Amino acid sequence: MELLLSFIFFTYGLIFGSFFNVVGLRVPNKTLFKENRSYCDTCERTLTWTELIPVFSYLVQRGKCKKCHQPISILYPLMELGTGILFVLSYWQYGWSHQLVLGLLLVSLIIPITVSDLAYKKIPNRLLLFFTPLFLVYRFFFPLDPFWLTLMGSLLAFVLIFLVILVSRGGMGIGDLKYFTLFGFIFGPIQFLLLFFLSTLYGTLGGLITMRVKKVGKRTKIAFGPYIGLAALTVFFTGEQIISWYLSLF
Ligand SMILES: [Zn+2]
């Protein structure tokens with residue numbers, strides 16, 4: 001039974017992941033509902049259903065379009081696989097509880113924003129606007145203890161990131177500010193501080209690796225959204241353990 005449910009969560013994750021790719025790529029262009037079928041980015045040919053199976057199509061076609069043989073971005077299968085794994089992990093860690101709902105919501109927010117930020121260096125307002133009310137409703141029914149931690153978290157996030165933007169002069173953008181503030185609301189001030197620390201840590205490591213691999217200069221603008229998302233997932237899955245470990249050091 002457990003195995004069957006894990007399989008179901010994973011499969012749903014793959015399918016949703018495939019949808020999140022489309023959302024992340026189309027929302028910034030406002031074409032989410034204008035173009036119905038998926039198409040090849042290079043030759044713009046509409047894909048057949050055998051080319052739309054998450055991950056498997058990519059593997060079968062060896063990462064290339066069937067017709068024009070141009071490479072398909074590895075981002076697509078990675079995001080599908082990532083969504084599948086994160087859906088299962090949420091279920092394994094929290095079972096049938098309200099945190100499972102939070103996990104699925106977080107993944108559904110983070111994956112399309114990651115795609116969007118990687119593709120366009122943009123965190124779309126529309127995605128934040130779509131998800132914010134869902135998190136408000138979630139925290140209304142399942143508040144932090146005490147409930148005002150949500151308000152403190154969002155205030156702390158807003159002020160801190162606002163200062164970072166002022167000091168860093170363009171290192172982070174308004175999109176990052178809103179994204180961080182939403183996480184401050186969801187996680188409260190203490191877990192938010194951990195999230196902020198982790199995102200800068202991941203961002204620094206990621207920046208160094210990117211500079212090495214792509215040989216780009218320090219001035220090149222990097223998308224910070226993926227690191228914020230990764231930090232939020234780390235906090236969701238292991239935040240309490242990390243914080244209690246840290247406190248035990250004193
Ligand atoms: Zn093609």
# chains A, B, ... in the order shown; residues from 1 in each chain; ligands from 1

call {"tool": "closest_atom_pairs", "arguments": {"of": "chain A", "to": "ligand 1", "cutoff": "8 Å", "atoms": "only C-alpha atoms and all ligand atoms", "output": "tab-separated table"}}
result
residue	atom	partner	partner_atom_place_in_ligand_line	distance
A:Tyr39	CA	ligand 1	1 (Zn)	7.9
A:Cys40	CA	ligand 1	1 (Zn)	4.6
A:Asp41	CA	ligand 1	1 (Zn)	6.6
A:Thr42	CA	ligand 1	1 (Zn)	5.0
A:Cys43	CA	ligand 1	1 (Zn)	4.1
A:Glu44	CA	ligand 1	1 (Zn)	6.2
A:Arg45	CA	ligand 1	1 (Zn)	6.1
A:Lys64	CA	ligand 1	1 (Zn)	7.9
A:Cys65	CA	ligand 1	1 (Zn)	4.6
A:Lys66	CA	ligand 1	1 (Zn)	6.6
A:Lys67	CA	ligand 1	1 (Zn)	5.4
A:Cys68	CA	ligand 1	1 (Zn)	4.2
A:His69	CA	ligand 1	1 (Zn)	6.2
A:Gln70	CA	ligand 1	1 (Zn)	6.0

call {"tool": "residues_around", "arguments": {"residues": "region 220-226 of chain A", "least_positions_apart": "6", "cutoff": "10 Å", "atoms": "only C-alpha atoms", "output": "NGL selection string"}}
result
:A and (110-111 or 113-123 or 170-173 or 175-176 or 179-180 or 199-200 or 202-204 or 206-207 or 210-211 or 232)

call {"tool": "write_last_selection", "arguments": {"atoms": "N, CA and C atoms", "output": "PDB file, in the first residue's frame"}}
result
ATOM      1  N   ILE A 110       7.546  26.635  -6.109  1.00  0.00           N
ATOM      2  CA  ILE A 110       8.994  26.752  -6.309  1.00  0.00           C
ATOM      3  C   ILE A 110       9.423  26.270  -7.704  1.00  0.00           C
ATOM      4  N   ILE A 111       8.852  25.168  -8.179  1.00  0.00           N
ATOM      5  CA  ILE A 111       9.309  24.621  -9.475  1.00  0.00           C
ATOM      6  C   ILE A 111       9.052  25.599 -10.635  1.00  0.00           C
ATOM      7  N   ILE A 113       8.616  28.806 -10.572  1.00  0.00           N
ATOM      8  CA  ILE A 113       9.413  30.028 -10.389  1.00  0.00           C
ATOM      9  C   ILE A 113      10.879  29.757 -10.732  1.00  0.00           C
ATOM     10  N   THR A 114      11.362  28.571 -10.376  1.00  0.00           N
ATOM     11  CA  THR A 114      12.742  28.205 -10.718  1.00  0.00           C
ATOM     12  C   THR A 114      12.923  28.170 -12.237  1.00  0.00           C
ATOM     13  N   VAL A 115      11.970  27.547 -12.924  1.00  0.00           N
ATOM     14  CA  VAL A 115      12.025  27.464 -14.398  1.00  0.00           C
ATOM     15  C   VAL A 115      12.055  28.869 -14.995  1.00  0.00           C
ATOM     16  N   SER A 116      11.143  29.710 -14.514  1.00  0.00           N
ATOM     17  CA  SER A 116      11.022  31.070 -15.016  1.00  0.00           C
ATOM     18  C   SER A 116      12.287  31.889 -14.783  1.00  0.00           C
ATOM     19  N   ASP A 117      12.831  31.760 -13.568  1.00  0.00           N
ATOM     20  CA  ASP A 117      14.006  32.556 -13.233  1.00  0.00           C
ATOM     21  C   ASP A 117      15.222  32.075 -14.030  1.00  0.00           C
ATOM     22  N   LEU A 118      15.323  30.758 -14.235  1.00  0.00           N
ATOM     23  CA  LEU A 118      16.438  30.231 -15.031  1.00  0.00           C
ATOM     24  C   LEU A 118      16.304  30.648 -16.495  1.00  0.00           C
ATOM     25  N   ALA A 119      15.073  30.621 -17.008  1.00  0.00           N
ATOM     26  CA  ALA A 119      14.868  30.910 -18.428  1.00  0.00           C
ATOM     27  C   ALA A 119      14.910  32.409 -18.728  1.00  0.00           C
ATOM     28  N   TYR A 120      14.306  33.229 -17.880  1.00  0.00           N
ATOM     29  CA  TYR A 120      14.155  34.655 -18.200  1.00  0.00           C
ATOM     30  C   TYR A 120      14.772  35.599 -17.164  1.00  0.00           C
ATOM     31  N   LYS A 121      15.340  35.030 -16.062  1.00  0.00           N
ATOM     32  CA  LYS A 121      15.811  35.848 -14.930  1.00  0.00           C
ATOM     33  C   LYS A 121      14.687  36.711 -14.379  1.00  0.00           C
ATOM     34  N   LYS A 122      13.532  36.076 -14.235  1.00  0.00           N
ATOM     35  CA  LYS A 122      12.344  36.782 -13.769  1.00  0.00           C
ATOM     36  C   LYS A 122      11.587  35.903 -12.783  1.00  0.00           C
ATOM     37  N   ILE A 123      11.111  36.504 -11.696  1.00  0.00           N
ATOM     38  CA  ILE A 123      10.186  35.806 -10.808  1.00  0.00           C
ATOM     39  C   ILE A 123       8.815  36.409 -11.084  1.00  0.00           C
ATOM     40  N   GLY A 170      21.469  46.140  -6.776  1.00  0.00           N
ATOM     41  CA  GLY A 170      21.153  45.353  -7.968  1.00  0.00           C
ATOM     42  C   GLY A 170      21.528  43.892  -7.886  1.00  0.00           C
ATOM     43  N   GLY A 171      22.109  43.453  -6.761  1.00  0.00           N
ATOM     44  CA  GLY A 171      22.399  42.032  -6.608  1.00  0.00           C
ATOM     45  C   GLY A 171      21.114  41.219  -6.548  1.00  0.00           C
ATOM     46  N   MET A 172      20.121  41.810  -5.895  1.00  0.00           N
ATOM     47  CA  MET A 172      18.813  41.162  -5.824  1.00  0.00           C
ATOM     48  C   MET A 172      17.767  42.131  -6.356  1.00  0.00           C
ATOM     49  N   GLY A 173      16.635  41.578  -6.788  1.00  0.00           N
ATOM     50  CA  GLY A 173      15.594  42.426  -7.353  1.00  0.00           C
ATOM     51  C   GLY A 173      14.330  42.415  -6.525  1.00  0.00           C
ATOM     52  N   GLY A 175      11.548  41.102  -7.361  1.00  0.00           N
ATOM     53  CA  GLY A 175      10.989  39.741  -7.397  1.00  0.00           C
ATOM     54  C   GLY A 175      11.507  38.907  -6.236  1.00  0.00           C
ATOM     55  N   ASP A 176      12.816  38.986  -5.989  1.00  0.00           N
ATOM     56  CA  ASP A 176      13.412  38.251  -4.871  1.00  0.00           C
ATOM     57  C   ASP A 176      12.810  38.721  -3.546  1.00  0.00           C
ATOM     58  N   TYR A 179       9.359  37.235  -3.126  1.00  0.00           N
ATOM     59  CA  TYR A 179       9.500  35.784  -2.948  1.00  0.00           C
ATOM     60  C   TYR A 179       9.942  35.479  -1.513  1.00  0.00           C
ATOM     61  N   PHE A 180      10.984  36.179  -1.033  1.00  0.00           N
ATOM     62  CA  PHE A 180      11.482  36.011   0.328  1.00  0.00           C
ATOM     63  C   PHE A 180      10.394  36.351   1.356  1.00  0.00           C
ATOM     64  N   SER A 199      20.127  30.312   1.522  1.00  0.00           N
ATOM     65  CA  SER A 199      20.037  30.806   0.141  1.00  0.00           C
ATOM     66  C   SER A 199      21.305  31.552  -0.262  1.00  0.00           C
ATOM     67  N   THR A 200      21.886  32.323   0.673  1.00  0.00           N
ATOM     68  CA  THR A 200      23.139  33.018   0.338  1.00  0.00           C
ATOM     69  C   THR A 200      24.293  32.014   0.206  1.00  0.00           C
ATOM     70  N   TYR A 202      23.987  28.765  -0.740  1.00  0.00           N
ATOM     71  CA  TYR A 202      23.790  28.087  -2.026  1.00  0.00           C
ATOM     72  C   TYR A 202      24.141  29.033  -3.186  1.00  0.00           C
ATOM     73  N   GLY A 203      23.720  30.279  -3.054  1.00  0.00           N
ATOM     74  CA  GLY A 203      23.965  31.261  -4.108  1.00  0.00           C
ATOM     75  C   GLY A 203      25.449  31.491  -4.333  1.00  0.00           C
ATOM     76  N   THR A 204      26.211  31.571  -3.227  1.00  0.00           N
ATOM     77  CA  THR A 204      27.656  31.774  -3.339  1.00  0.00           C
ATOM     78  C   THR A 204      28.313  30.571  -4.010  1.00  0.00           C
ATOM     79  N   GLY A 206      26.847  28.255  -5.879  1.00  0.00           N
ATOM     80  CA  GLY A 206      26.361  28.175  -7.253  1.00  0.00           C
ATOM     81  C   GLY A 206      27.037  29.198  -8.152  1.00  0.00           C
ATOM     82  N   GLY A 207      27.226  30.425  -7.622  1.00  0.00           N
ATOM     83  CA  GLY A 207      27.883  31.484  -8.386  1.00  0.00           C
ATOM     84  C   GLY A 207      29.322  31.121  -8.734  1.00  0.00           C
ATOM     85  N   THR A 210      29.266  28.401 -11.397  1.00  0.00           N
ATOM     86  CA  THR A 210      28.883  28.957 -12.695  1.00  0.00           C
ATOM     87  C   THR A 210      30.041  29.725 -13.322  1.00  0.00           C
ATOM     88  N   MET A 211      30.752  30.517 -12.498  1.00  0.00           N
ATOM     89  CA  MET A 211      31.878  31.303 -13.027  1.00  0.00           C
ATOM     90  C   MET A 211      32.972  30.395 -13.570  1.00  0.00           C
ATOM     91  N   ALA A 232      14.294  27.146   0.676  1.00  0.00           N
ATOM     92  CA  ALA A 232      12.960  26.964   1.255  1.00  0.00           C
ATOM     93  C   ALA A 232      12.635  25.475   1.406  1.00  0.00           C
TER      94      ALA A 232
END

call {"tool": "select_by_dssp", "arguments": {"residues": "region 94-187 of chain A", "states": "alpha helix (DSSP H)", "output": "PyMOL selection string"}}
result
chain A and resi 94+98-120+125-141+149-168+174-187

call {"tool": "residues_around", "arguments": {"residues": "Leu5 (chain A)", "least_positions_apart": "6", "cutoff": "12 Å", "atoms": "only C-alpha atoms", "output": "list in words"}}
result
Thr11, Tyr12, Phe87, Val88, Leu89, Tyr91, Trp92, Gly95 and Trp96 of chain A

call {"tool": "write_last_selection", "arguments": {"atoms": "N, CA and C atoms", "output": "compact mmCIF listing (two decimals), in the first residue's frame"}}
result
# COMPACT_ATOMS: atom_id res chain seq x y z
N THR A 11 4.30 9.57 -9.67
CA THR A 11 3.74 9.74 -11.01
C THR A 11 3.02 11.08 -11.15
N TYR A 12 2.21 11.43 -10.13
CA TYR A 12 1.56 12.73 -10.16
C TYR A 12 2.59 13.85 -10.21
N PHE A 87 7.41 15.45 -4.36
CA PHE A 87 6.06 15.01 -3.96
C PHE A 87 6.16 13.78 -3.06
N VAL A 88 6.98 12.80 -3.46
CA VAL A 88 7.13 11.58 -2.65
C VAL A 88 7.75 11.91 -1.29
N LEU A 89 8.79 12.74 -1.29
CA LEU A 89 9.44 13.11 -0.03
C LEU A 89 8.46 13.78 0.93
N TYR A 91 5.30 13.31 1.08
CA TYR A 91 4.41 12.27 1.61
C TYR A 91 5.14 11.40 2.63
N TRP A 92 6.37 10.99 2.34
CA TRP A 92 7.14 10.16 3.26
C TRP A 92 7.36 10.85 4.59
N GLY A 95 3.32 12.23 5.83
CA GLY A 95 2.13 11.38 5.76
C GLY A 95 0.88 12.16 5.41
N TRP A 96 -0.28 11.64 5.83
CA TRP A 96 -1.54 12.34 5.55
C TRP A 96 -1.76 13.41 6.59

call {"tool": "atom_distance", "arguments": {"atom1": "CA of Gly239 (chain A)", "atom2": "CA of Gly188 (chain A)"}}
result
11.6 Å

call {"tool": "closest_residue", "arguments": {"among": "A:Phe140, A:Ser90, A:Pro112, A:Trp148", "to": "Thr238 (chain A)", "atoms": "only C-alpha atoms"}}
result
A:Ser90

call {"tool": "residues_around", "arguments": {"residues": "Phe56 (chain A)", "least_positions_apart": "2", "cutoff": "12 Å", "atoms": "only C-alpha atoms", "output": "list of chain:residue names"}}
result
A:Thr11, A:Leu14, A:Ile15, A:Ser18, A:Trp49, A:Thr50, A:Glu51, A:Leu52, A:Ile53, A:Pro54, A:Tyr58, A:Leu59, A:Val60, A:Gln61, A:Arg62, A:Gly63, A:Tyr76, A:Pro77, A:Leu78, A:Glu80, A:Leu81

call {"tool": "write_last_selection", "arguments": {"atoms": "N, CA and C atoms", "output": "mmCIF file, in the first residue's frame"}}
result
data_model
loop_
_atom_site.group_PDB
_atom_site.id
_atom_site.type_symbol
_atom_site.label_atom_id
_atom_site.label_comp_id
_atom_site.auth_asym_id
_atom_site.auth_seq_id
_atom_site.Cartn_x
_atom_site.Cartn_y
_atom_site.Cartn_z
ATOM 1 N N THR A 11 4.298 9.574 -9.666
ATOM 2 C CA THR A 11 3.735 9.740 -11.011
ATOM 3 C C THR A 11 3.025 11.079 -11.152
ATOM 4 N N LEU A 14 5.574 13.729 -11.562
ATOM 5 C CA LEU A 14 6.116 13.814 -12.929
ATOM 6 C C LEU A 14 5.171 14.595 -13.832
ATOM 7 N N ILE A 15 3.876 14.282 -13.715
ATOM 8 C CA ILE A 15 2.879 14.930 -14.586
ATOM 9 C C ILE A 15 2.765 16.417 -14.247
ATOM 10 N N SER A 18 5.764 18.355 -15.421
ATOM 11 C CA SER A 18 5.676 18.662 -16.836
ATOM 12 C C SER A 18 4.819 19.915 -17.052
ATOM 13 N N TRP A 49 1.773 12.792 -28.676
ATOM 14 C CA TRP A 49 1.621 12.370 -27.282
ATOM 15 C C TRP A 49 2.790 11.511 -26.807
ATOM 16 N N THR A 50 3.438 10.782 -27.735
ATOM 17 C CA THR A 50 4.577 9.961 -27.307
ATOM 18 C C THR A 50 5.786 10.822 -26.919
ATOM 19 N N GLU A 51 5.761 12.076 -27.332
ATOM 20 C CA GLU A 51 6.875 12.968 -26.974
ATOM 21 C C GLU A 51 6.578 13.753 -25.699
ATOM 22 N N LEU A 52 5.393 13.511 -25.123
ATOM 23 C CA LEU A 52 4.973 14.298 -23.963
ATOM 24 C C LEU A 52 5.025 13.519 -22.653
ATOM 25 N N ILE A 53 5.536 12.276 -22.706
ATOM 26 C CA ILE A 53 5.607 11.490 -21.478
ATOM 27 C C ILE A 53 6.784 12.013 -20.646
ATOM 28 N N PRO A 54 6.520 12.479 -19.413
ATOM 29 C CA PRO A 54 7.586 13.086 -18.621
ATOM 30 C C PRO A 54 8.807 12.174 -18.496
ATOM 31 N N TYR A 58 12.183 12.119 -23.052
ATOM 32 C CA TYR A 58 13.518 12.718 -23.145
ATOM 33 C C TYR A 58 14.582 11.629 -23.277
ATOM 34 N N LEU A 59 14.448 10.574 -22.459
ATOM 35 C CA LEU A 59 15.438 9.486 -22.478
ATOM 36 C C LEU A 59 15.375 8.726 -23.799
ATOM 37 N N VAL A 60 14.162 8.390 -24.246
ATOM 38 C CA VAL A 60 13.989 7.629 -25.485
ATOM 39 C C VAL A 60 14.571 8.405 -26.671
ATOM 40 N N GLN A 61 14.308 9.731 -26.700
ATOM 41 C CA GLN A 61 14.797 10.546 -27.820
ATOM 42 C C GLN A 61 16.240 11.029 -27.601
ATOM 43 N N ARG A 62 16.838 10.558 -26.518
ATOM 44 C CA ARG A 62 18.215 10.950 -26.148
ATOM 45 C C ARG A 62 18.413 12.456 -26.142
ATOM 46 N N GLY A 63 17.417 13.146 -25.604
ATOM 47 C CA GLY A 63 17.536 14.592 -25.428
ATOM 48 C C GLY A 63 17.487 15.410 -26.701
ATOM 49 N N TYR A 76 13.950 20.418 -18.632
ATOM 50 C CA TYR A 76 12.605 19.811 -18.619
ATOM 51 C C TYR A 76 12.562 18.508 -17.813
ATOM 52 N N PRO A 77 13.373 17.487 -18.203
ATOM 53 C CA PRO A 77 13.285 16.251 -17.422
ATOM 54 C C PRO A 77 13.736 16.424 -15.972
ATOM 55 N N LEU A 78 14.710 17.319 -15.731
ATOM 56 C CA LEU A 78 15.183 17.518 -14.356
ATOM 57 C C LEU A 78 14.069 18.067 -13.468
ATOM 58 N N GLU A 80 10.839 17.761 -14.002
ATOM 59 C CA GLU A 80 9.811 16.723 -13.851
ATOM 60 C C GLU A 80 10.226 15.721 -12.771
ATOM 61 N N LEU A 81 11.469 15.264 -12.875
ATOM 62 C CA LEU A 81 11.992 14.313 -11.908
ATOM 63 C C LEU A 81 12.019 14.936 -10.509
#

call {"tool": "residues_around", "arguments": {"residues": "region 149-155 of chain A", "least_positions_apart": "5", "cutoff": "8 Å", "atoms": "only C-alpha atoms", "output": "PyMOL selection string"}}
result
chain A and resi 143-144+181-190+192

call {"tool": "write_last_selection", "arguments": {"atoms": "N, CA, C and O atoms", "output": "JSON list (two decimals), in the first residue's frame"}}
result
[["chain", "number", "residue", "atom", "x", "y", "z"],
["A", 143, "PRO", "N", -2.22, 27.77, 11.79],
["A", 143, "PRO", "CA", -1.30, 28.87, 12.11],
["A", 143, "PRO", "C", -0.02, 28.39, 12.79],
["A", 143, "PRO", "O", 0.01, 27.30, 13.36],
["A", 144, "LEU", "N", 1.00, 29.23, 12.72],
["A", 144, "LEU", "CA", 2.20, 28.99, 13.51],
["A", 144, "LEU", "C", 1.83, 29.24, 14.97],
["A", 144, "LEU", "O", 0.81, 29.85, 15.27],
["A", 181, "THR", "N", 9.66, 37.45, 1.10],
["A", 181, "THR", "CA", 8.64, 37.88, 2.06],
["A", 181, "THR", "C", 7.54, 36.82, 2.20],
["A", 181, "THR", "O", 7.07, 36.55, 3.31],
["A", 182, "LEU", "N", 7.18, 36.19, 1.08],
["A", 182, "LEU", "CA", 6.19, 35.11, 1.14],
["A", 182, "LEU", "C", 6.71, 33.97, 2.02],
["A", 182, "LEU", "O", 5.97, 33.42, 2.84],
["A", 183, "PHE", "N", 7.98, 33.64, 1.88],
["A", 183, "PHE", "CA", 8.54, 32.57, 2.70],
["A", 183, "PHE", "C", 8.63, 32.98, 4.17],
["A", 183, "PHE", "O", 8.45, 32.14, 5.06],
["A", 184, "GLY", "N", 8.91, 34.26, 4.43],
["A", 184, "GLY", "CA", 8.90, 34.76, 5.81],
["A", 184, "GLY", "C", 7.53, 34.55, 6.43],
["A", 184, "GLY", "O", 7.41, 34.15, 7.59],
["A", 185, "PHE", "N", 6.50, 34.81, 5.65],
["A", 185, "PHE", "CA", 5.12, 34.61, 6.09],
["A", 185, "PHE", "C", 4.86, 33.14, 6.40],
["A", 185, "PHE", "O", 4.27, 32.79, 7.42],
["A", 186, "ILE", "N", 5.32, 32.26, 5.50],
["A", 186, "ILE", "CA", 5.03, 30.83, 5.66],
["A", 186, "ILE", "C", 5.79, 30.23, 6.84],
["A", 186, "ILE", "O", 5.24, 29.47, 7.62],
["A", 187, "PHE", "N", 7.07, 30.60, 6.98],
["A", 187, "PHE", "CA", 7.92, 29.89, 7.94],
["A", 187, "PHE", "C", 8.11, 30.60, 9.28],
["A", 187, "PHE", "O", 8.61, 30.00, 10.22],
["A", 188, "GLY", "N", 7.79, 31.89, 9.38],
["A", 188, "GLY", "CA", 8.06, 32.61, 10.62],
["A", 188, "GLY", "C", 9.51, 33.04, 10.69],
["A", 188, "GLY", "O", 10.34, 32.60, 9.88],
["A", 189, "PRO", "N", 9.85, 33.94, 11.67],
["A", 189, "PRO", "CA", 11.16, 34.61, 11.65],
["A", 189, "PRO", "C", 12.37, 33.69, 11.81],
["A", 189, "PRO", "O", 13.38, 33.88, 11.13],
["A", 190, "ILE", "N", 12.29, 32.67, 12.69],
["A", 190, "ILE", "CA", 13.50, 31.88, 12.97],
["A", 190, "ILE", "C", 13.86, 31.01, 11.77],
["A", 190, "ILE", "O", 15.00, 31.02, 11.30],
["A", 192, "PHE", "N", 12.89, 31.54, 8.85],
["A", 192, "PHE", "CA", 13.24, 32.43, 7.73],
["A", 192, "PHE", "C", 14.72, 32.80, 7.75],
["A", 192, "PHE", "O", 15.38, 32.85, 6.71]]

call {"tool": "atom_distance", "arguments": {"atom1": "CA of Thr132 (chain A)", "atom2": "CA of Leu109 (chain A)"}}
result
9.6 Å

call {"tool": "residues_around", "arguments": {"residues": "Leu194 (chain A)", "least_positions_apart": "3", "cutoff": "8 Å", "atoms": "only C-alpha atoms", "output": "list in words"}}
result
Ile190, Gln191, Phe197, Leu198, Val235, Gly239 and Ile243 of chain A

call {"tool": "decode", "arguments": {"residues": "region 107-115 of chain A", "atoms": "all heavy atoms", "output": "short mmCIF file (atom, residue, chain, number, x, y, z; two decimals), in the first residue's frame"}}
result
data_model
loop_
_atom_site.label_atom_id
_atom_site.label_comp_id
_atom_site.auth_asym_id
_atom_site.auth_seq_id
_atom_site.Cartn_x
_atom_site.Cartn_y
_atom_site.Cartn_z
N VAL A 107 6.14 23.04 -3.41
CA VAL A 107 6.76 22.51 -4.64
C VAL A 107 6.10 23.15 -5.87
O VAL A 107 6.78 23.54 -6.82
CB VAL A 107 6.66 20.97 -4.69
CG1 VAL A 107 7.24 20.43 -5.98
CG2 VAL A 107 7.39 20.35 -3.50
N SER A 108 4.77 23.29 -5.81
CA SER A 108 4.03 23.87 -6.95
C SER A 108 4.36 25.34 -7.17
O SER A 108 4.19 25.86 -8.27
CB SER A 108 2.53 23.73 -6.72
OG SER A 108 2.20 22.42 -6.37
N LEU A 109 4.81 26.01 -6.11
CA LEU A 109 5.25 27.41 -6.24
C LEU A 109 6.69 27.47 -6.73
O LEU A 109 7.03 28.22 -7.65
CB LEU A 109 5.15 28.10 -4.87
CG LEU A 109 5.84 29.46 -4.72
CD1 LEU A 109 4.97 30.55 -5.33
CD2 LEU A 109 6.11 29.78 -3.25
N ILE A 110 7.55 26.64 -6.11
CA ILE A 110 8.99 26.75 -6.31
C ILE A 110 9.42 26.27 -7.70
O ILE A 110 10.26 26.91 -8.34
CB ILE A 110 9.74 25.99 -5.18
CG1 ILE A 110 9.57 26.75 -3.86
CG2 ILE A 110 11.22 25.80 -5.52
CD1 ILE A 110 9.98 25.98 -2.63
N ILE A 111 8.85 25.17 -8.18
CA ILE A 111 9.31 24.62 -9.47
C ILE A 111 9.05 25.60 -10.64
O ILE A 111 9.99 25.95 -11.36
CB ILE A 111 8.72 23.22 -9.75
CG1 ILE A 111 9.19 22.21 -8.70
CG2 ILE A 111 9.09 22.74 -11.16
CD1 ILE A 111 10.65 21.80 -8.76
N PRO A 112 7.81 26.09 -10.82
CA PRO A 112 7.63 27.03 -11.96
C PRO A 112 8.44 28.32 -11.81
O PRO A 112 8.94 28.84 -12.82
CB PRO A 112 6.13 27.34 -11.96
CG PRO A 112 5.52 26.59 -10.86
CD PRO A 112 6.53 25.77 -10.17
N ILE A 113 8.62 28.81 -10.57
CA ILE A 113 9.41 30.03 -10.39
C ILE A 113 10.88 29.76 -10.73
O ILE A 113 11.55 30.59 -11.34
CB ILE A 113 9.24 30.59 -8.95
CG1 ILE A 113 7.87 31.27 -8.87
CG2 ILE A 113 10.37 31.55 -8.59
CD1 ILE A 113 7.59 32.02 -7.62
N THR A 114 11.36 28.57 -10.38
CA THR A 114 12.74 28.21 -10.72
C THR A 114 12.92 28.17 -12.24
O THR A 114 13.89 28.72 -12.77
CB THR A 114 13.08 26.84 -10.10
OG1 THR A 114 12.88 26.91 -8.69
CG2 THR A 114 14.52 26.43 -10.39
N VAL A 115 11.97 27.55 -12.92
CA VAL A 115 12.03 27.46 -14.40
C VAL A 115 12.06 28.87 -14.99
O VAL A 115 12.89 29.20 -15.85
CB VAL A 115 10.82 26.67 -14.95
CG1 VAL A 115 10.74 26.75 -16.46
CG2 VAL A 115 10.90 25.21 -14.51
#
